$ cat run_26.txt   # compact mmCIF, C-alpha atoms and all ligand atoms
# COMPACT_ATOMS: atom_id res chain seq x y z
CA MET A 434 2.30 2.84 -14.08
CA GLU A 435 3.86 3.56 -17.46
CA THR A 436 6.04 6.66 -17.57
CA THR A 437 6.49 9.12 -20.43
CA LEU A 438 9.62 10.80 -21.73
CA LYS A 439 10.12 14.42 -20.71
CA VAL A 440 13.15 16.39 -21.91
CA LYS A 441 13.88 20.05 -21.29
CA LEU A 442 16.90 22.12 -22.17
CA ILE A 443 17.34 23.90 -18.83
CA SER A 444 20.50 25.84 -19.58
CA HIS A 445 22.99 26.58 -22.32
CA THR A 446 25.93 28.87 -23.00
CA MET A 447 24.88 32.43 -23.83
CA ASN A 448 25.33 33.50 -27.49
CA PRO A 449 26.58 30.04 -28.41
CA GLU A 450 27.02 30.71 -32.13
CA LEU A 451 28.99 33.92 -31.54
CA VAL A 452 31.21 32.22 -28.95
CA ILE A 453 32.12 29.42 -31.38
CA ALA A 454 32.83 31.76 -34.28
CA THR A 455 34.90 34.13 -32.13
CA ALA A 456 36.93 31.30 -30.61
CA GLY A 457 37.59 29.83 -34.03
CA LYS A 458 38.53 33.11 -35.73
CA LEU A 459 40.79 34.15 -32.86
CA CYS A 460 43.18 31.33 -33.74
CA TYR A 461 43.96 32.94 -37.11
CA SER A 462 43.44 36.67 -36.47
CA PRO A 463 45.76 39.41 -35.19
CA SER A 464 42.66 41.35 -33.87
CA ASN A 465 41.73 41.77 -30.24
CA ILE A 466 38.71 39.79 -29.04
CA ASP A 467 36.34 42.79 -28.69
CA ASP A 468 36.93 43.75 -32.32
CA LEU A 469 36.51 40.18 -33.46
CA MET A 470 33.16 39.90 -31.69
CA GLU A 471 31.90 43.19 -33.11
CA LYS A 472 32.85 42.29 -36.67
CA GLN A 473 30.73 39.14 -36.81
CA THR A 474 27.48 39.11 -38.75
CA PRO A 475 24.84 36.34 -38.71
CA GLU A 476 26.01 35.38 -42.22
CA SER A 477 29.70 35.21 -41.28
CA ILE A 478 28.91 33.19 -38.16
CA GLU A 479 26.83 30.68 -40.12
CA LYS A 480 29.50 30.33 -42.79
CA PHE A 481 32.19 29.79 -40.18
CA ILE A 482 30.23 27.21 -38.17
CA LYS A 483 29.39 25.24 -41.31
CA MET A 484 33.05 25.26 -42.31
CA ILE A 485 34.42 24.29 -38.89
CA THR A 486 31.96 21.44 -38.40
CA SER A 487 32.46 20.03 -41.90
CA MET A 488 36.24 20.09 -41.38
CA GLY A 489 35.84 18.29 -38.04
CA HIS A 490 37.83 20.95 -36.14
CA GLY A 491 35.77 20.30 -33.03
CA SER A 492 37.75 21.90 -30.23
CA VAL A 493 36.06 25.32 -30.60
CA LEU A 494 32.69 23.60 -30.18
CA GLU A 495 33.74 22.64 -26.66
CA HIS A 496 33.28 26.25 -25.46
CA ILE A 497 29.53 25.88 -25.38
CA SER A 498 27.45 23.44 -23.44
CA PHE A 499 23.85 22.32 -23.06
CA SER A 500 22.17 21.00 -19.90
CA PHE A 501 19.16 18.73 -20.34
CA ALA A 502 16.68 17.71 -17.65
CA ILE A 503 15.57 14.21 -18.58
CA GLU A 504 12.66 12.40 -16.90
CA GLY A 505 10.53 9.39 -17.69
CA VAL A 506 13.38 7.24 -18.94
CA SER A 507 14.43 3.75 -17.89
CA ARG A 508 17.57 2.75 -15.99
CA SER A 509 18.35 0.76 -19.11
CA LEU A 510 18.54 4.02 -21.05
CA THR A 511 20.65 5.87 -18.47
CA HIS A 512 23.09 2.96 -18.42
CA GLN A 513 23.58 3.58 -22.16
CA LEU A 514 23.62 7.37 -21.74
CA VAL A 515 26.39 7.48 -19.14
CA ARG A 516 28.67 5.48 -21.45
CA HIS A 517 29.12 8.86 -23.14
CA ARG A 518 31.97 9.88 -20.87
CA ILE A 519 32.54 13.41 -22.12
CA ALA A 520 29.58 14.79 -20.19
CA SER A 521 28.40 15.50 -16.65
CA TYR A 522 25.54 13.66 -15.00
CA SER A 523 23.40 13.87 -11.85
CA GLN A 524 20.91 11.06 -11.43
CA GLN A 525 18.17 10.50 -8.88
CA SER A 526 19.42 7.98 -6.34
CA GLN A 527 17.61 4.73 -5.62
CA ARG A 528 19.66 4.55 -2.41
CA TYR A 529 18.22 7.76 -0.99
CA VAL A 530 14.84 8.07 -2.69
CA LYS A 531 12.24 5.50 -1.74
CA GLU A 532 10.10 4.24 -4.59
CA ILE A 533 6.56 4.74 -3.33
CA GLN A 534 5.01 3.53 -6.58
CA PHE A 535 7.69 3.12 -9.19
CA GLU A 536 6.93 4.01 -12.78
CA TYR A 537 8.39 2.12 -15.70
CA VAL A 538 9.03 2.16 -19.43
CA ILE A 539 7.25 -0.34 -21.66
CA PRO A 540 8.97 -1.15 -24.98
CA GLN A 541 6.62 -0.70 -27.94
CA ASP A 542 6.95 -4.34 -29.08
CA ILE A 543 5.68 -5.50 -25.68
CA LYS A 544 2.83 -2.98 -25.82
CA ASN A 545 1.86 -4.45 -29.19
CA ASN A 546 1.24 -7.87 -27.60
CA GLU A 547 -1.70 -7.88 -25.19
CA VAL A 548 -0.66 -11.06 -23.36
CA LEU A 549 2.93 -9.94 -22.88
CA LEU A 550 1.80 -6.49 -21.80
CA LYS A 551 -0.42 -7.94 -19.09
CA ALA A 552 2.35 -10.19 -17.79
CA TYR A 553 4.81 -7.29 -17.91
CA GLU A 554 2.53 -5.01 -15.89
CA LYS A 555 1.83 -7.77 -13.39
CA ASN A 556 5.57 -8.27 -12.92
CA MET A 557 5.98 -4.55 -12.18
CA GLU A 558 3.17 -4.64 -9.64
CA ASP A 559 4.63 -7.73 -7.96
CA THR A 560 8.04 -6.08 -7.87
CA GLN A 561 6.67 -3.01 -6.10
CA ASN A 562 4.91 -5.24 -3.56
CA LEU A 563 8.05 -7.25 -2.89
CA TYR A 564 10.11 -4.06 -2.59
CA ASP A 565 7.71 -2.70 0.05
CA GLU A 566 7.81 -6.04 1.86
CA ILE A 567 11.62 -6.18 1.84
CA VAL A 568 11.88 -2.60 3.15
CA ASP A 569 9.52 -3.28 6.06
CA LYS A 570 11.05 -6.68 6.87
CA LEU A 571 14.58 -5.27 6.87
CA ILE A 572 13.57 -2.39 9.15
CA TYR A 573 12.07 -4.99 11.49
CA ASP A 574 15.33 -6.98 11.39
CA TYR A 575 17.47 -3.90 12.08
CA ILE A 576 15.51 -3.41 15.27
CA ASN A 577 15.05 -6.99 16.40
CA ASP A 578 17.98 -9.03 15.08
CA LYS A 579 20.53 -8.25 17.80
CA GLU A 580 23.11 -10.66 16.45
CA ASN A 581 23.52 -8.95 13.09
CA TYR A 582 22.41 -5.39 13.79
CA GLY A 583 22.65 -4.84 17.59
CA GLU A 584 25.67 -2.53 17.39
CA TYR A 585 24.26 -0.73 14.35
CA LEU A 586 20.95 -0.08 16.10
CA ASN A 587 22.70 1.25 19.23
CA ILE A 588 24.59 3.78 17.10
CA GLN A 589 21.42 4.89 15.33
CA LEU A 590 19.58 5.30 18.64
CA LYS A 591 22.44 7.44 19.93
CA LYS A 592 22.46 9.55 16.74
CA CYS A 593 18.71 10.11 17.10
CA ASN A 594 18.98 10.94 20.83
CA ILE A 595 16.70 8.05 21.76
CA ASP A 596 17.04 6.48 25.19
CA LYS A 597 17.85 2.79 24.67
CA ASP A 598 15.79 1.50 27.64
CA GLU A 599 12.80 3.60 26.70
CA PHE A 600 13.05 2.27 23.14
CA GLU A 601 13.33 -1.36 24.35
CA ALA A 602 10.15 -0.86 26.38
CA TRP A 603 8.33 0.58 23.32
CA LYS A 604 9.61 -2.31 21.22
CA ASN A 605 8.35 -4.99 23.59
CA GLU A 606 4.96 -3.33 23.68
CA ASN A 607 4.65 -3.17 19.87
CA LYS A 608 6.56 -6.23 18.72
CA SER A 609 3.56 -8.45 18.25
CA SER A 610 1.72 -5.86 16.18
CA ASP A 611 1.28 -6.62 12.46
CA LYS A 612 1.85 -2.97 11.82
CA PHE A 613 5.13 -2.82 13.73
CA VAL A 614 6.96 -0.71 11.13
CA ASN A 615 3.99 1.63 10.70
CA GLU A 616 3.92 2.17 14.45
CA LEU A 617 7.65 2.88 14.35
CA ARG A 618 7.12 5.39 11.53
CA ALA A 619 4.62 7.25 13.69
CA ALA A 620 6.52 7.09 16.98
CA TYR A 621 10.15 7.45 15.95
CA LYS A 622 10.20 9.28 12.62
CA ARG A 623 13.91 10.13 12.50
CA LEU A 624 15.06 6.66 13.51
CA CYS A 625 12.71 5.09 11.00
CA SER A 626 13.96 7.27 8.16
CA THR A 627 17.57 6.32 9.01
CA LEU A 628 16.77 2.61 9.07
CA GLU A 629 14.69 2.96 5.94
CA LYS A 630 17.66 4.40 4.00
CA LYS A 631 19.64 1.26 4.80
CA ALA A 632 16.65 -0.93 3.88
CA ILE A 633 15.93 0.72 0.52
CA GLU A 634 19.52 0.49 -0.65
CA ASN A 635 19.18 -3.27 -0.28
CA ALA A 636 15.62 -3.57 -1.55
CA ARG A 637 16.40 -1.65 -4.75
CA TYR A 638 18.31 -4.65 -6.11
CA ILE A 639 15.04 -6.20 -7.17
CA PHE A 640 14.10 -3.34 -9.51
CA PRO A 641 14.08 -4.06 -13.24
CA ASN A 642 15.94 -2.14 -15.96
CA SER A 643 12.59 -0.63 -16.96
CA CYS A 644 12.35 1.35 -13.70
CA GLU A 645 11.84 5.09 -14.32
CA THR A 646 14.64 7.48 -13.45
CA LYS A 647 15.52 11.16 -13.74
CA ILE A 648 18.86 12.56 -14.81
CA ILE A 649 20.41 15.92 -15.62
CA CYS A 650 23.00 15.73 -18.34
CA THR A 651 25.38 18.43 -19.54
CA MET A 652 27.34 18.01 -22.75
CA ASN A 653 29.52 20.39 -24.70
CA LEU A 654 28.57 20.69 -28.37
CA ARG A 655 31.43 18.49 -29.58
CA SER A 656 30.32 15.68 -27.30
CA LEU A 657 26.64 16.24 -28.13
CA ILE A 658 27.47 15.87 -31.83
CA ASN A 659 29.21 12.55 -31.08
CA PHE A 660 26.27 11.43 -28.91
CA CYS A 661 23.79 12.22 -31.71
CA HIS A 662 25.91 10.50 -34.36
CA HIS A 663 25.57 7.30 -32.32
CA ARG A 664 22.11 7.59 -30.82
CA CYS A 665 20.10 9.36 -33.55
CA CYS A 666 21.23 6.42 -35.69
CA ARG A 667 18.48 3.84 -36.36
CA ARG A 668 20.79 1.18 -34.87
CA ALA A 669 20.44 2.78 -31.43
CA GLN A 670 17.73 1.33 -29.19
CA GLU A 671 14.25 2.81 -29.59
CA GLU A 672 14.17 4.60 -26.24
CA ILE A 673 17.56 6.36 -26.43
CA ASN A 674 16.95 7.08 -30.11
CA LYS A 675 13.79 8.97 -29.16
CA LEU A 676 15.68 10.81 -26.42
CA ALA A 677 18.46 11.83 -28.82
CA TRP A 678 16.01 13.25 -31.37
CA THR A 679 14.12 15.09 -28.61
CA MET A 680 17.42 16.64 -27.46
CA VAL A 681 18.01 17.82 -31.04
CA GLU A 682 14.54 19.43 -31.02
CA GLU A 683 15.35 21.17 -27.74
CA VAL A 684 18.56 22.62 -29.21
CA GLU A 685 16.62 23.71 -32.30
CA LYS A 686 14.42 25.89 -30.06
CA VAL A 687 17.47 27.98 -29.08
CA SER A 688 19.65 27.66 -32.19
CA GLN A 689 18.45 26.41 -35.56
CA LEU A 690 21.98 26.75 -36.85
CA LEU A 691 23.57 24.54 -34.18
CA SER A 692 20.77 21.98 -34.41
CA LYS A 693 21.85 21.47 -38.02
CA THR A 694 25.13 20.05 -36.68
CA LEU A 695 23.19 17.34 -34.78
CA GLY A 696 21.86 14.09 -36.18
CA ALA A 697 22.82 10.54 -37.13
CA SER A 698 26.29 9.87 -38.63
CA CYS A 699 24.77 9.07 -42.02
CA GLN A 700 23.48 12.63 -42.31
CA PHE A 701 27.03 13.98 -42.37
CA GLY A 702 28.94 11.32 -44.30
CA PRO A 703 28.91 7.63 -45.17
CA CYS A 704 27.35 5.21 -42.67
CA PRO A 705 30.09 3.95 -40.34
CA GLU A 706 28.17 0.81 -39.33
CA GLY A 707 29.48 -1.42 -42.12
CA SER A 708 27.54 -4.67 -42.45
CA MET A 709 25.24 -3.53 -39.61
CA CYS A 710 24.01 -0.59 -41.74
CA CYS A 711 20.19 -0.24 -41.58
CA MET A 712 20.02 0.65 -45.30
CA MET A 713 17.54 3.45 -44.49
CA PRO A 714 19.75 6.55 -44.35
CA TYR A 715 18.32 9.82 -43.10
CA GLU A 716 18.33 12.90 -45.31
CA LYS A 717 21.75 14.54 -45.44
CA LYS A 718 22.27 17.65 -43.32
CA ILE A 719 25.31 18.90 -45.24
C1 LIG B 1 24.22 0.99 -31.57
C2 LIG B 1 25.15 0.90 -30.39
C3 LIG B 1 25.47 -0.32 -29.84
C4 LIG B 1 26.34 -0.42 -28.75
N1 LIG B 1 26.62 -1.66 -28.22
C5 LIG B 1 27.47 -1.75 -27.17
C6 LIG B 1 27.80 -3.03 -26.61
O1 LIG B 1 27.31 -4.05 -27.05
N2 LIG B 1 28.64 -3.07 -25.55
C7 LIG B 1 29.22 -1.94 -25.05
O2 LIG B 1 30.00 -2.03 -24.09
N3 LIG B 1 28.92 -0.72 -25.55
C8 LIG B 1 28.08 -0.60 -26.60
N4 LIG B 1 27.80 0.65 -27.11
C9 LIG B 1 28.38 1.82 -26.49
C10 LIG B 1 29.56 2.40 -27.30
O3 LIG B 1 30.57 1.43 -27.45
C11 LIG B 1 30.15 3.64 -26.62
O4 LIG B 1 30.61 3.31 -25.34
C12 LIG B 1 29.16 4.77 -26.49
O5 LIG B 1 28.46 4.95 -27.69
C13 LIG B 1 29.89 6.05 -26.11
O6 LIG B 1 30.60 6.53 -27.23
P1 LIG B 1 31.96 7.31 -27.09
O7 LIG B 1 33.00 6.51 -26.43
O8 LIG B 1 32.28 7.80 -28.49
O9 LIG B 1 31.54 8.58 -26.20
P2 LIG B 1 32.37 9.35 -25.10
O10 LIG B 1 32.71 8.49 -23.98
O11 LIG B 1 31.57 10.59 -24.80
O12 LIG B 1 33.70 9.74 -25.84
C14 LIG B 1 33.71 10.71 -26.89
C15 LIG B 1 34.98 10.55 -27.69
O13 LIG B 1 36.08 10.91 -26.86
C16 LIG B 1 37.17 10.05 -27.14
N5 LIG B 1 37.48 9.29 -25.91
C17 LIG B 1 36.74 9.21 -24.79
N6 LIG B 1 37.36 8.45 -23.87
C18 LIG B 1 38.50 8.05 -24.42
C19 LIG B 1 39.56 7.22 -23.99
N7 LIG B 1 39.57 6.64 -22.79
N8 LIG B 1 40.59 7.03 -24.81
C20 LIG B 1 40.63 7.58 -26.05
N9 LIG B 1 39.65 8.34 -26.54
C21 LIG B 1 38.61 8.58 -25.74
C22 LIG B 1 36.74 9.14 -28.29
O14 LIG B 1 37.12 9.75 -29.50
C23 LIG B 1 35.25 9.12 -28.16
O15 LIG B 1 34.57 8.85 -29.37
C24 LIG B 1 26.92 0.76 -28.19
C25 LIG B 1 26.60 2.00 -28.77
C26 LIG B 1 25.73 2.09 -29.84
C27 LIG B 1 25.39 3.45 -30.41
$ encode --input "run_26.txt" --output "structure tokens" --more "lines below"
Ligand SMILES: Cc1cc2nc3c(=O)[nH]c(=O)nc-3n(C[C@H](O)[C@H](O)[C@H](O)COP(=O)(O)OP(=O)(O)OC[C@H]3O[C@@H](n4cnc5c(N)ncnc54)[C@H](O)[C@@H]3O)c2cc1C
Amino acid sequence: METTLKVKLISHTMNPELVIATAGKLCYSPSNIDDLMEKQTPESIEKFIKMITSMGHGSVLEHISFSFAIEGVSRSLTHQLVRHRIASYSQQSQRYVKEIQFEYVIPQDIKNNEVLLKAYEKNMEDTQNLYDEIVDKLIYDYINDKENYGEYLNIQLKKCNIDKDEFEAWKNENKSSDKFVNELRAAYKRLCSTLEKKAIENARYIFPNSCETKIICTMNLRSLINFCHHRCCRRAQEEINKLAWTMVEEVEKVSQLLSKTLGASCQFGPCPEGSMCCMMPYEKKI
């Protein structure tokens, strides 16, 4: 099933504008920090932030950070996102979380073509079916292929406090059943979940880049500005471009002033893309 982008700013530094202005002014003031904080007015803060960002003195922007909860994006997108190294990430694991019915992103150009869309969706359905098949077949192998997994199985039985002889007897009774793995799931839940973890970390290799994922990303403002310069740009891929602009909107909800520091490079100076320039610059923000 097609997924949809969901982005939420789940946390940010308290009083971000005041923190930036105080940190910046401290560098040049003989005052103590309490006095500096009290002296600030909304006008002086705005003036200072505009000045510091236009001068590119970014270190004071590092005092504040934003955490975004991002869902309904593809693994293709997160591969691009995590290239932004000055950030912290926590992503849902395909090794530990079984995909019961994986969701996926469909690029707009594929959606625009009925035939391609049908083939694309069929491929996703086939992939889920093959994934399920691989998981079940591997679990079966872990239990029955003594040559490759005998020692591994013995350790897992021990860990799960399962008597080996009792288990062998159960196995011989159920081996011919078509629903062998389902029977195992019902009878030996803990063992099955252990074996399943090993199976899904192998089965996940068949998933496409389009597979939906969830990630929490924290960036300080300096890094977020750099991220937006690159990814709000029309040259960025459609999906991450949409994410970047949605992140800007989320920041705007908590600070209109700071959101004005976020956008594509061309909004703050000349386009840095040279011959790759899209020739459709956004409206300037400064
Ligand atoms: C349109 C587009 C196309 C792209 N195409 C490709 C591609 O084809 N192949 C590809 O591999 N990538 C590609 N990228 C990714 C791109 O090269 C960057 O890796 C990504 O945008 C992260 O940028 P960054 O390094 O500035 O961010 P961060 O990693 O967050 O770094 C922020 C800043 O910190 C500084 N910094 C960080 N690490 C170091 C370091 N080790 N040494 C010195 N300074 C450092 C730099 O000033 C850097 O700008 C593409 C990006 C875009 C936007």
$ atom_distance --input "run_26.txt" --atom1 "atom C9 of ligand LIG 1 (chain B)" --atom2 "atom CA of Gly702 of chain A"
20.2 Å
$ residues_near_ligand --input "run_26.txt" --ligand "ligand LIG 1 (chain B)" --cutoff "7 Å" --atoms "all atoms listed in the file" --output "JSON, numbers by chain"
{"A": [513, 516, 517, 518, 519, 520, 656, 659, 660, 663, 664, 668, 669, 670]}
$ write_last_selection --input "run_26.txt" --atoms "C-alpha atoms" --output "PDB file, in the coordinates of the input"
ATOM      1  CA  GLN A 513      23.580   3.580 -22.160  1.00  0.00           C
ATOM      2  CA  ARG A 516      28.670   5.480 -21.450  1.00  0.00           C
ATOM      3  CA  HIS A 517      29.120   8.860 -23.140  1.00  0.00           C
ATOM      4  CA  ARG A 518      31.970   9.880 -20.870  1.00  0.00           C
ATOM      5  CA  ILE A 519      32.540  13.410 -22.120  1.00  0.00           C
ATOM      6  CA  ALA A 520      29.580  14.790 -20.190  1.00  0.00           C
ATOM      7  CA  SER A 656      30.320  15.680 -27.300  1.00  0.00           C
ATOM      8  CA  ASN A 659      29.210  12.550 -31.080  1.00  0.00           C
ATOM      9  CA  PHE A 660      26.270  11.430 -28.910  1.00  0.00           C
ATOM     10  CA  HIS A 663      25.570   7.300 -32.320  1.00  0.00           C
ATOM     11  CA  ARG A 664      22.110   7.590 -30.820  1.00  0.00           C
ATOM     12  CA  ARG A 668      20.790   1.180 -34.870  1.00  0.00           C
ATOM     13  CA  ALA A 669      20.440   2.780 -31.430  1.00  0.00           C
ATOM     14  CA  GLN A 670      17.730   1.330 -29.190  1.00  0.00           C
TER      15      GLN A 670
END
$ closest_residue --input "run_26.txt" --among "A:Ser444, A:Ser698, A:Asn635, A:Thr436" --to "Tyr537 of chain A" --atoms "all atoms listed in the file"
A:Thr436
$ residues_around --input "run_26.txt" --residues "segment 620-629 of chain A" --least-positions-apart "6" --cutoff "8 Å" --atoms "only C-alpha atoms" --output "ChimeraX atom specification"
/A:568,572,575,589-590,593
$ atom_distance --input "run_26.txt" --atom1 "atom CA of Lys717 of chain A" --atom2 "atom CA of Pro703 of chain A"
10.0 Å
$ atom_distance --input "run_26.txt" --atom1 "atom CA of Met488 of chain A" --atom2 "atom CA of Ile673 of chain A"
27.6 Å
$ closest_residue --input "run_26.txt" --among "A:Ile453, A:Met484, A:Ala636, A:Leu550" --to "Lys531 of chain A" --atoms "all atoms listed in the file"
A:Ala636
$ closest_residue --input "run_26.txt" --among "A:Ala456, A:Leu695, A:Leu451, A:Ile485" --to "Glu471 of chain A" --atoms "all atoms listed in the file"
A:Leu451
$ closest_residue --input "run_26.txt" --among "A:Leu690, A:Cys460, A:Val681, A:Ile658" --to "Gly489 of chain A" --atoms "only C-alpha atoms"
A:Ile658
$ closest_residue --input "run_26.txt" --among "A:Pro714, A:Gly583, A:Pro540, A:Gly707" --to "Lys675 of chain A" --atoms "only C-alpha atoms"
A:Pro540
$ closest_residue --input "run_26.txt" --among "A:Val515, A:Ile576, A:Lys608, A:Glu532" --to "Ile588 of chain A" --atoms "all atoms listed in the file"
A:Ile576
$ residues_near_point --input "run_26.txt" --point "(21.3, 19.2, -24.9)" --cutoff "10 Å" --atoms "all atoms listed in the file" --output "ChimeraX atom specification"
/A:440-445,498-503,649-654,656-658,677,679-685,692
$ residues_around --input "run_26.txt" --residues "Phe481 of chain A" --least-positions-apart "5" --cutoff "9 Å" --atoms "all atoms listed in the file" --output "list of chain:residue names"
A:Ile453, A:Ala454, A:Gly457, A:Lys458, A:Glu476, A:Thr486
$ axis_aligned_box --input "run_26.txt" --around "segment 573-588 of chain A" --padding-each-side "6 Å" --output "lines of an AutoDock Vina configuration file"
center_x = 18.9
center_y = -3.4
center_z = 15.3
size_x = 25.6
size_y = 26.4
size_z = 19.8
$ residues_around --input "run_26.txt" --residues "Arg667 of chain A" --least-positions-apart "4" --cutoff "12 Å" --atoms "all atoms listed in the file" --output "PyMOL selection string"
chain A and resi 661-663+671-675+677-678+696-700+704+706+709-715
$ residues_around --input "run_26.txt" --residues "Ile567 of chain A" --least-positions-apart "5" --cutoff "10 Å" --atoms "only C-alpha atoms" --output "ChimeraX atom specification"
/A:561-562,572-573,632-633,635-637,639
$ residues_around --input "run_26.txt" --residues "Arg655 of chain A" --least-positions-apart "3" --cutoff "6 Å" --atoms "all atoms listed in the file" --output "ChimeraX atom specification"
/A:491,494-495,658
$ build_atoms --input "run_26.txt" --residues "segment 680-693 of chain A" --atoms "N, CA and C atoms" --output "tab-separated table (two decimals), keeping the file's coordinate frame"
chain	number	residue	atom	x	y	z
A	680	MET	N	16.37	15.69	-27.85
A	680	MET	CA	17.42	16.64	-27.46
A	680	MET	C	17.75	17.56	-28.65
A	681	VAL	N	17.76	17.00	-29.85
A	681	VAL	CA	18.01	17.82	-31.04
A	681	VAL	C	16.91	18.89	-31.17
A	682	GLU	N	15.66	18.47	-30.95
A	682	GLU	CA	14.54	19.43	-31.02
A	682	GLU	C	14.68	20.55	-29.99
A	683	GLU	N	15.16	20.16	-28.79
A	683	GLU	CA	15.35	21.17	-27.74
A	683	GLU	C	16.41	22.19	-28.14
A	684	VAL	N	17.50	21.70	-28.76
A	684	VAL	CA	18.56	22.62	-29.21
A	684	VAL	C	18.02	23.52	-30.32
A	685	GLU	N	17.20	22.94	-31.18
A	685	GLU	CA	16.62	23.71	-32.30
A	685	GLU	C	15.82	24.91	-31.79
A	686	LYS	N	15.22	24.78	-30.60
A	686	LYS	CA	14.42	25.89	-30.06
A	686	LYS	C	15.30	27.10	-29.74
A	687	VAL	N	16.60	26.85	-29.43
A	687	VAL	CA	17.47	27.98	-29.08
A	687	VAL	C	18.46	28.31	-30.19
A	688	SER	N	18.74	27.37	-31.08
A	688	SER	CA	19.65	27.66	-32.19
A	688	SER	C	19.40	26.70	-33.36
A	689	GLN	N	18.72	27.24	-34.36
A	689	GLN	CA	18.45	26.41	-35.56
A	689	GLN	C	19.76	26.03	-36.21
A	690	LEU	N	20.70	26.98	-36.20
A	690	LEU	CA	21.98	26.75	-36.85
A	690	LEU	C	22.73	25.58	-36.19
A	691	LEU	N	22.82	25.61	-34.86
A	691	LEU	CA	23.57	24.54	-34.18
A	691	LEU	C	22.84	23.20	-34.26
A	692	SER	N	21.50	23.25	-34.31
A	692	SER	CA	20.77	21.98	-34.41
A	692	SER	C	21.07	21.27	-35.74
A	693	LYS	N	21.50	22.08	-36.72
A	693	LYS	CA	21.85	21.47	-38.02
A	693	LYS	C	23.13	20.65	-37.93
